[in-house]
$ cat input_21.csv   # CSV, C-alpha atoms and all ligand atoms
chain,number,residue,atom,x,y,z
Y,1,MET,CA,-89.1,-188.1,63.0
Y,2,SER,CA,-90.4,-190.1,65.9
Y,3,ALA,CA,-94.2,-190.2,66.7
Y,4,LEU,CA,-95.8,-187.1,68.0
Y,5,MET,CA,-97.1,-187.6,71.5
Y,6,VAL,CA,-100.0,-185.5,72.8
Y,7,SER,CA,-100.9,-185.3,76.5
Y,8,VAL,CA,-103.6,-183.2,78.2
Y,9,THR,CA,-103.8,-182.1,81.9
Y,10,PRO,CA,-106.6,-180.0,83.4
Y,11,LEU,CA,-105.5,-176.7,85.0
Y,12,GLU,CA,-107.6,-174.9,87.6
Y,13,LEU,CA,-107.1,-171.2,88.1
Y,14,PRO,CA,-108.7,-169.5,91.1
Y,15,LEU,CA,-109.9,-166.0,90.2
Y,16,VAL,CA,-108.9,-162.8,92.0
Y,17,HIS,CA,-112.6,-161.8,92.0
Y,18,PRO,CA,-115.7,-163.9,91.2
Y,19,PHE,CA,-116.1,-163.2,87.4
Y,20,LYS,CA,-119.7,-162.4,86.5
Y,21,ILE,CA,-121.0,-161.7,83.0
Y,22,ALA,CA,-124.5,-161.5,81.6
Y,23,ARG,CA,-124.9,-165.3,81.3
Y,24,GLY,CA,-123.3,-166.5,84.6
Y,25,GLU,CA,-120.6,-166.3,87.2
Y,26,GLU,CA,-117.5,-168.3,88.0
Y,27,THR,CA,-114.9,-168.3,90.8
Y,28,VAL,CA,-112.4,-170.8,89.2
Y,29,ALA,CA,-111.4,-171.0,85.5
Y,30,ARG,CA,-110.8,-174.5,84.2
Y,31,THR,CA,-108.6,-175.0,81.1
Y,32,ALA,CA,-106.7,-177.8,79.6
Y,33,LEU,CA,-102.9,-177.8,79.1
Y,34,VAL,CA,-101.9,-179.6,75.9
Y,35,ARG,CA,-98.3,-180.8,75.5
Y,36,VAL,CA,-96.9,-182.2,72.3
Y,37,ARG,CA,-93.6,-184.1,72.3
Y,38,ALA,CA,-91.5,-184.9,69.2
Y,39,GLY,CA,-88.1,-186.5,70.1
Y,40,ASP,CA,-86.4,-184.2,72.6
Y,41,LEU,CA,-88.7,-181.2,71.9
Y,42,GLU,CA,-91.8,-180.4,73.9
Y,43,GLY,CA,-94.4,-177.8,72.9
Y,44,LEU,CA,-96.9,-176.3,75.4
Y,45,GLY,CA,-100.4,-175.2,74.5
Y,46,GLU,CA,-103.6,-174.5,76.3
Y,47,ALA,CA,-107.3,-175.1,75.4
Y,48,ALA,CA,-109.8,-172.8,77.0
Y,49,PRO,CA,-113.2,-174.5,76.3
Y,50,THR,CA,-116.4,-172.7,77.1
Y,51,GLU,CA,-119.9,-174.0,77.6
Y,52,ARG,CA,-121.3,-171.3,75.4
Y,53,TYR,CA,-119.7,-173.1,72.5
Y,54,GLY,CA,-120.5,-176.6,73.7
Y,55,GLU,CA,-117.0,-177.6,74.8
Y,56,SER,CA,-115.5,-178.5,78.2
Y,57,VAL,CA,-112.1,-179.6,79.6
Y,58,GLU,CA,-113.5,-183.2,79.6
Y,59,SER,CA,-114.4,-183.0,75.9
Y,60,VAL,CA,-110.8,-181.8,75.1
Y,61,ILE,CA,-109.3,-184.7,77.2
Y,62,ASP,CA,-111.7,-187.2,75.5
Y,63,TYR,CA,-110.8,-186.0,72.1
Y,64,PHE,CA,-107.0,-186.6,72.5
Y,65,ALA,CA,-107.6,-189.9,74.3
Y,66,THR,CA,-109.4,-191.3,71.3
Y,67,HIS,CA,-107.7,-189.5,68.3
Y,68,ALA,CA,-104.0,-189.8,67.4
Y,69,PRO,CA,-102.3,-186.9,65.5
Y,70,ALA,CA,-102.7,-187.2,61.7
Y,71,THR,CA,-99.0,-187.3,61.0
Y,72,SER,CA,-95.7,-187.5,63.0
Y,73,ASP,CA,-94.2,-184.4,61.3
Y,74,PRO,CA,-94.9,-181.3,63.6
Y,75,TYR,CA,-94.4,-179.0,60.6
Y,76,ARG,CA,-97.4,-180.4,58.7
Y,77,LEU,CA,-99.8,-178.0,60.4
Y,78,GLU,CA,-102.5,-178.2,57.7
Y,79,ALA,CA,-102.9,-181.9,58.2
Y,80,LEU,CA,-102.4,-181.9,62.0
Y,81,LEU,CA,-104.9,-179.1,62.6
Y,82,HIS,CA,-107.7,-180.3,60.3
Y,83,ALA,CA,-111.2,-178.9,60.7
Y,84,GLY,CA,-112.5,-182.2,62.1
Y,85,ILE,CA,-110.9,-181.4,65.5
Y,86,PRO,CA,-113.3,-179.5,67.8
Y,87,ALA,CA,-112.2,-175.9,68.2
Y,88,ALA,CA,-110.9,-175.9,71.8
Y,89,ALA,CA,-108.9,-179.1,71.3
Y,90,ARG,CA,-107.5,-177.9,68.0
Y,91,GLY,CA,-106.6,-174.6,69.6
Y,92,GLY,CA,-104.6,-176.3,72.3
Y,93,LEU,CA,-102.8,-178.5,69.8
Y,94,ASP,CA,-102.2,-175.5,67.5
Y,95,LEU,CA,-100.5,-173.5,70.3
Y,96,ALA,CA,-98.4,-176.5,71.3
Y,97,LEU,CA,-97.2,-177.2,67.8
Y,98,HIS,CA,-96.3,-173.5,67.2
Y,99,ASP,CA,-94.4,-173.5,70.5
Y,100,LEU,CA,-92.5,-176.7,69.5
Y,101,ILE,CA,-91.7,-175.3,66.0
Y,102,GLY,CA,-90.4,-172.1,67.5
Y,103,LYS,CA,-88.2,-174.0,69.9
Y,104,ASP,CA,-87.0,-176.2,67.1
Y,105,LEU,CA,-86.0,-173.1,65.0
Y,106,GLY,CA,-84.8,-171.1,68.0
Y,107,LYS,CA,-87.2,-168.2,67.1
Y,108,PRO,CA,-90.0,-166.5,69.1
Y,109,LEU,CA,-93.4,-166.8,67.5
Y,110,TYR,CA,-93.7,-163.1,66.6
Y,111,GLU,CA,-90.6,-163.5,64.5
Y,112,LEU,CA,-91.9,-166.7,62.8
Y,113,PHE,CA,-95.0,-164.6,61.8
Y,114,GLY,CA,-92.8,-161.7,60.6
Y,115,LEU,CA,-94.2,-159.2,63.2
Y,116,ASP,CA,-92.6,-156.2,65.0
Y,117,PRO,CA,-92.8,-156.8,68.8
Y,118,ALA,CA,-92.8,-153.0,69.3
Y,119,LEU,CA,-96.2,-152.7,67.6
Y,120,THR,CA,-98.3,-154.6,70.3
Y,121,PRO,CA,-101.4,-152.8,71.5
Y,122,VAL,CA,-102.4,-151.8,75.0
Y,123,THR,CA,-104.8,-154.3,76.6
Y,124,SER,CA,-108.0,-153.5,78.4
Y,125,PHE,CA,-108.6,-154.7,81.9
Y,126,THR,CA,-112.0,-156.3,82.4
Y,127,ILE,CA,-114.5,-155.3,85.2
Y,128,GLY,CA,-117.1,-158.1,85.7
Y,129,ILE,CA,-120.7,-157.4,86.7
Y,130,ALA,CA,-121.1,-156.5,90.4
Y,131,ASP,CA,-122.9,-154.1,92.7
Y,132,PRO,CA,-121.9,-150.4,92.4
Y,133,GLU,CA,-119.7,-150.5,95.6
Y,134,THR,CA,-117.7,-153.6,94.4
Y,135,THR,CA,-117.4,-152.2,90.9
Y,136,LEU,CA,-116.0,-148.9,92.2
Y,137,ARG,CA,-113.6,-150.8,94.5
Y,138,LYS,CA,-112.3,-152.8,91.5
Y,139,VAL,CA,-111.9,-149.6,89.4
Y,140,ALA,CA,-109.9,-148.1,92.2
Y,141,GLU,CA,-107.7,-151.3,92.3
Y,142,VAL,CA,-107.0,-150.9,88.6
Y,143,GLY,CA,-105.5,-147.5,89.3
Y,144,ASP,CA,-104.1,-145.8,86.2
Y,145,HIS,CA,-104.5,-148.7,83.8
Y,146,PRO,CA,-105.4,-146.9,80.5
Y,147,ILE,CA,-108.3,-149.0,79.2
Y,148,LEU,CA,-111.3,-150.7,81.0
Y,149,LYS,CA,-113.7,-153.1,79.6
Y,150,VAL,CA,-116.9,-153.1,81.7
Y,151,LYS,CA,-119.3,-156.0,81.5
Y,152,LEU,CA,-123.0,-155.0,81.2
Y,153,GLY,CA,-126.1,-156.9,80.1
Y,154,SER,CA,-127.6,-157.7,83.6
Y,155,GLY,CA,-129.8,-155.5,85.8
Y,156,THR,CA,-132.2,-152.7,84.7
Y,157,PRO,CA,-131.2,-150.3,82.0
Y,158,ARG,CA,-131.1,-147.5,84.6
Y,159,GLU,CA,-128.7,-149.5,86.8
Y,160,GLN,CA,-126.4,-150.3,83.9
Y,161,ILE,CA,-126.3,-146.6,82.8
Y,162,GLU,CA,-125.6,-145.6,86.4
Y,163,THR,CA,-122.8,-148.1,86.7
Y,164,ILE,CA,-121.0,-146.5,83.8
Y,165,GLY,CA,-121.8,-143.0,85.0
Y,166,LEU,CA,-120.2,-143.8,88.4
Y,167,ILE,CA,-117.1,-145.3,86.8
Y,168,ARG,CA,-116.8,-142.3,84.5
Y,169,GLU,CA,-116.9,-139.8,87.4
Y,170,ARG,CA,-113.7,-141.4,88.7
Y,171,TYR,CA,-111.9,-142.9,85.7
Y,172,HIS,CA,-110.6,-140.8,82.8
Y,173,GLY,CA,-109.1,-143.6,80.7
Y,174,THR,CA,-110.8,-145.4,77.7
Y,175,ILE,CA,-114.0,-147.3,78.5
Y,176,ARG,CA,-115.3,-150.1,76.3
Y,177,ILE,CA,-118.4,-152.2,77.3
Y,178,ASP,CA,-119.5,-155.8,76.7
Y,179,ALA,CA,-123.2,-156.8,77.0
Y,180,ASN,CA,-122.5,-160.5,76.3
Y,181,GLU,CA,-125.8,-160.9,74.3
Y,182,GLY,CA,-127.7,-159.5,77.3
Y,183,TRP,CA,-130.0,-156.9,75.5
Y,184,ASP,CA,-132.6,-156.7,72.8
Y,185,VAL,CA,-132.5,-154.0,70.1
Y,186,GLU,CA,-134.7,-151.5,72.0
Y,187,THR,CA,-132.8,-152.0,75.3
Y,188,ALA,CA,-129.5,-151.7,73.5
Y,189,VAL,CA,-130.5,-148.5,71.7
Y,190,ARG,CA,-131.9,-147.0,74.9
Y,191,ILE,CA,-128.8,-147.8,77.0
Y,192,LEU,CA,-126.2,-146.9,74.3
Y,193,LYS,CA,-127.9,-143.5,73.5
Y,194,GLU,CA,-127.6,-142.6,77.2
Y,195,LEU,CA,-124.0,-143.9,77.3
Y,196,GLU,CA,-122.9,-141.8,74.3
Y,197,ARG,CA,-122.1,-138.8,76.7
Y,198,PHE,CA,-119.6,-141.0,78.6
Y,199,GLU,CA,-117.3,-141.4,75.6
Y,200,ILE,CA,-117.5,-145.2,75.1
Y,201,GLU,CA,-115.0,-146.6,72.7
Y,202,PHE,CA,-117.2,-149.4,71.5
Y,203,CYS,CA,-119.9,-151.9,72.6
Y,204,GLU,CA,-119.4,-155.6,72.3
Y,205,GLN,CA,-122.2,-158.0,71.4
Y,206,PRO,CA,-125.3,-156.1,72.5
Y,207,VAL,CA,-127.8,-158.7,71.4
Y,208,PRO,CA,-127.9,-162.5,71.1
Y,209,ALA,CA,-125.8,-164.0,68.2
Y,210,GLY,CA,-127.5,-165.0,65.0
Y,211,HIS,CA,-129.3,-161.7,64.1
Y,212,PRO,CA,-127.0,-159.5,62.0
Y,213,GLU,CA,-129.9,-157.4,61.0
Y,214,GLN,CA,-130.5,-156.4,64.7
Y,215,LEU,CA,-126.8,-155.3,64.9
Y,216,ARG,CA,-127.3,-153.3,61.8
Y,217,ALA,CA,-130.4,-151.6,63.3
Y,218,ILE,CA,-128.6,-150.7,66.5
Y,219,ARG,CA,-125.6,-149.4,64.6
Y,220,GLN,CA,-127.8,-147.1,62.5
Y,221,ARG,CA,-129.3,-145.5,65.6
Y,222,VAL,CA,-126.4,-145.0,67.9
Y,223,SER,CA,-122.9,-143.5,67.5
Y,224,ILE,CA,-121.0,-145.9,69.7
Y,225,PRO,CA,-119.3,-148.5,67.4
Y,226,ILE,CA,-120.6,-152.0,67.5
Y,227,VAL,CA,-118.3,-155.0,67.8
Y,228,THR,CA,-119.2,-158.7,67.8
Y,229,ASP,CA,-117.8,-161.6,69.8
Y,230,GLU,CA,-120.4,-164.4,70.2
Y,231,ASP,CA,-121.5,-163.6,66.6
Y,232,SER,CA,-118.0,-164.0,65.1
Y,233,LEU,CA,-116.3,-167.3,66.0
Y,234,VAL,CA,-114.2,-167.9,62.8
Y,235,ALA,CA,-113.4,-166.2,59.5
Y,236,GLY,CA,-116.4,-167.8,57.8
Y,237,ASP,CA,-118.8,-166.0,60.2
Y,238,LEU,CA,-117.7,-162.6,58.9
Y,239,PRO,CA,-119.3,-162.1,55.5
Y,240,ARG,CA,-122.8,-162.1,56.8
Y,241,LEU,CA,-121.8,-159.4,59.3
Y,242,TYR,CA,-120.8,-157.0,56.5
Y,243,GLY,CA,-122.3,-153.6,57.0
Y,244,CYS,CA,-123.8,-154.6,60.3
Y,245,VAL,CA,-120.8,-154.0,62.6
Y,246,ASP,CA,-117.7,-151.9,63.0
Y,247,GLY,CA,-115.4,-154.6,64.4
Y,248,VAL,CA,-114.9,-158.1,65.6
Y,249,ASN,CA,-113.4,-159.8,68.6
Y,250,VAL,CA,-111.0,-162.6,67.6
Y,251,LYS,CA,-110.2,-165.2,70.3
Y,252,LEU,CA,-107.9,-168.3,70.0
Y,253,ALA,CA,-110.5,-170.4,71.9
Y,254,LYS,CA,-113.0,-169.7,69.2
Y,255,THR,CA,-110.8,-169.8,66.1
Y,256,GLY,CA,-109.1,-173.1,67.2
Y,257,GLY,CA,-105.7,-171.5,67.6
Y,258,LEU,CA,-103.3,-169.2,65.8
Y,259,ARG,CA,-103.9,-170.4,62.3
Y,260,GLY,CA,-107.6,-169.8,62.5
Y,261,ALA,CA,-107.0,-166.4,64.2
Y,262,LEU,CA,-104.7,-165.3,61.4
Y,263,ALA,CA,-107.4,-166.3,58.8
Y,264,MET,CA,-110.0,-164.3,60.7
Y,265,ILE,CA,-107.8,-161.3,61.2
Y,266,HIS,CA,-107.0,-161.1,57.5
Y,267,THR,CA,-110.6,-161.6,56.5
Y,268,ALA,CA,-111.7,-158.9,58.8
Y,269,ARG,CA,-109.0,-156.5,57.4
Y,270,ALA,CA,-110.2,-157.3,53.9
Y,271,MET,CA,-113.7,-156.3,55.0
Y,272,GLY,CA,-112.5,-153.0,56.5
Y,273,LEU,CA,-113.4,-154.1,60.0
Y,274,LYS,CA,-111.6,-153.1,63.2
Y,275,ILE,CA,-110.1,-156.0,65.1
Y,276,MET,CA,-109.8,-156.8,68.8
Y,277,LEU,CA,-107.8,-159.8,70.0
Y,278,GLY,CA,-109.5,-161.2,73.1
Y,279,CYS,CA,-109.1,-164.1,75.5
Y,280,MET,CA,-111.1,-166.2,77.8
Y,281,VAL,CA,-110.3,-166.4,81.5
Y,282,GLU,CA,-107.2,-168.5,81.0
Y,283,SER,CA,-103.5,-168.8,81.9
Y,284,ALA,CA,-100.5,-167.0,80.5
Y,285,VAL,CA,-100.1,-169.8,77.9
Y,286,CYS,CA,-103.1,-168.7,75.8
Y,287,ALA,CA,-102.6,-165.0,76.6
Y,288,THR,CA,-99.0,-165.1,75.4
Y,289,ALA,CA,-99.9,-166.9,72.2
Y,290,ALA,CA,-102.5,-164.3,71.5
Y,291,ALA,CA,-100.0,-161.5,72.4
Y,292,HIS,CA,-97.5,-162.8,69.8
Y,293,ILE,CA,-100.0,-162.0,66.9
Y,294,SER,CA,-101.3,-158.8,68.5
Y,295,PRO,CA,-99.1,-156.5,66.4
Y,296,LEU,CA,-101.7,-157.3,63.6
Y,297,VAL,CA,-104.7,-155.9,65.5
Y,298,ASP,CA,-106.2,-152.6,66.6
Y,299,TRP,CA,-107.4,-153.5,70.1
Y,300,ALA,CA,-106.4,-156.0,72.7
Y,301,ASP,CA,-108.4,-157.6,75.6
Y,302,ILE,CA,-105.7,-160.0,76.8
Y,303,ASP,CA,-106.1,-159.7,80.5
Y,304,GLY,CA,-106.6,-163.3,81.6
Y,305,PRO,CA,-103.4,-163.2,83.7
Y,306,PHE,CA,-104.7,-160.2,85.6
Y,307,LEU,CA,-108.0,-162.0,86.5
Y,308,THR,CA,-106.5,-165.2,87.8
Y,309,ALA,CA,-104.5,-166.0,91.0
Y,310,GLY,CA,-101.8,-168.6,91.1
Y,311,ASP,CA,-101.1,-168.9,87.4
Y,312,PRO,CA,-98.2,-171.4,87.2
Y,313,PHE,CA,-97.0,-169.8,83.9
Y,314,THR,CA,-95.3,-166.5,83.0
Y,315,GLY,CA,-94.9,-165.2,79.5
Y,316,VAL,CA,-96.4,-161.9,78.2
Y,317,THR,CA,-95.8,-159.1,80.6
Y,318,TYR,CA,-97.4,-155.6,80.7
Y,319,ASP,CA,-96.1,-152.1,80.8
Y,320,ARG,CA,-99.1,-150.0,81.9
Y,321,GLY,CA,-101.2,-152.3,79.8
Y,322,LYS,CA,-99.0,-152.5,76.7
Y,323,LEU,CA,-98.2,-156.1,75.9
Y,324,ILE,CA,-94.5,-156.9,76.2
Y,325,LEU,CA,-93.6,-160.1,74.2
Y,326,PRO,CA,-91.1,-162.6,75.6
Y,327,ASP,CA,-88.3,-163.2,73.1
Y,328,ALA,CA,-87.4,-166.8,74.1
Y,329,PRO,CA,-88.1,-169.4,71.3
Y,330,GLY,CA,-91.6,-170.5,70.7
Y,331,LEU,CA,-94.3,-169.0,73.0
Y,332,GLY,CA,-91.6,-168.0,75.4
Y,333,VAL,CA,-93.7,-169.3,78.3
Y,334,HIS,CA,-92.1,-170.7,81.5
Y,335,GLU,CA,-93.6,-172.7,84.3
Y,336,THR,CA,-92.9,-170.9,87.5
Y,337,VAL,CA,-93.9,-173.7,89.9
Y,338,PRO,CA,-93.7,-177.5,89.4
Y,339,ALA,CA,-96.9,-178.9,87.9
Y,401,MG,MG,-117.0,-160.5,74.8

$ encode --input "input_21.csv" --output "structure tokens" --more "lines below"
Ligand SMILES: [Mg+2]
Amino acid sequence: MSALMVSVTPLELPLVHPFKIARGEETVARTALVRVRAGDLEGLGEAAPTERYGESVESVIDYFATHAPATSDPYRLEALLHAGIPAAARGGLDLALHDLIGKDLGKPLYELFGLDPALTPVTSFTIGIADPETTLRKVAEVGDHPILKVKLGSGTPREQIETIGLIRERYHGTIRIDANEGWDVETAVRILKELERFEIEFCEQPVPAGHPEQLRAIRQRVSIPIVTDEDSLVAGDLPRLYGCVDGVNVKLAKTGGLRGALAMIHTARAMGLKIMLGCMVESAVCATAAAHISPLVDWADIDGPFLTAGDPFTGVTYDRGKLILPDAPGLGVHETVPA
């Protein structure tokens, strides 16, 4: 086989609304498209690096500018996706290689993984942090979407409780919340105890990562299930969370692609944990890749394509939030406007 060529181009995605979470706000999402070419075949991937994990679009570009693929055989995934590659870059390459292999074999990814496309979950739609009026306008825009994920972790406890109360008055679907490390144990317990009456499905990452015993303490005092995101990047992070949490959020940008995500999903299953498959604010490339393995998980938060405007790609679609997988070979993602 001829040499594997890897190329990276930045992608800027303007957001429908400014996206605010406990640690900051953005109006544009920046990701990196990773293309891998072998002979006539091209695979497309996307890296969605985040500052929180010490990566950037520039660090992904730099990595591929200075490192050639380990082998020219695109099927040698174990060698090509070695642990020495930073997670975001490895994730982009992992997606591109899986897309290329699927195209080579003429099979959609879910079929390569042996999964039933009818078993995809329903995704939540994320509501970022905003003043009450803006929040309620966003909830109204969402309409009858069956699951909301509401970002908390900023403002006074009273304001945060009131935000959920206001949403619950108008919205009868499932509500999950995400504090993005914004609370300490006492604040978390105080807020979550008050939120119990609003039927919250679970709370994601109440306290800063690195303190499993704090998660255990919260879990013992409140009835809302606790799920980690910033505390659980890869499969190897899970054993120390045993007994401390009810579930984990798996994201391709953290695991370094599909292979790492599968390892994390199977590890979490073995530990009896619930599993959410999440995404960063990213294009349909990453979202579609995650959607292909979503029949393995309990919960999905794959709403990147709802949050961005002008995404040049189409892939996964939604039927009242249920993920509908494309059945074209590989990722099944198409570019809708010229790059
Ligand atoms: Mg989260």

$ residues_near_point --input "input_21.csv" --point "(-116.7, -165.2, 68.1)" --cutoff "12 Å" --atoms "only C-alpha atoms" --output "MDAnalysis selection string"
chainID Y and resid 50 52:53 87 180:181 204:205 208:210 227:238 241 247:256 260:261 264:265 275:280

$ closest_residue --input "input_21.csv" --among "Y:Ile218, Y:Leu15, Y:Ala88, Y:Leu119" --to "Y:Leu258" --atoms "only C-alpha atoms"
Y:Ala88

$ atom_distance --input "input_21.csv" --atom1 "atom CA of Y:Leu115" --atom2 "atom CA of Y:Ala38"
26.5 Å

$ residues_around --input "input_21.csv" --residues "Y:Leu296" --least-positions-apart "2" --cutoff "12 Å" --atoms "all atoms listed in the file" --output "PyMOL selection string"
chain Y and resi 110+113-121+250+261-266+268-269+274-277+290-294+298-300

$ closest_residue --input "input_21.csv" --among "Y:Pro225, Y:Gly84, Y:Gly182, Y:Gly106" --to "Y:Gly155" --atoms "only C-alpha atoms"
Y:Gly182

$ atom_distance --input "input_21.csv" --atom1 "atom CA of Y:Val8" --atom2 "atom CA of Y:Pro74"
17.1 Å

$ atom_distance --input "input_21.csv" --atom1 "atom CA of Y:Ser223" --atom2 "atom CA of Y:Leu323"
29.0 Å

$ closest_residue --input "input_21.csv" --among "Y:Thr9, Y:Thr66, Y:Ser2, Y:Thr126" --to "ligand MG 401 (chain Y)" --atoms "all atoms listed in the file"
Y:Thr126
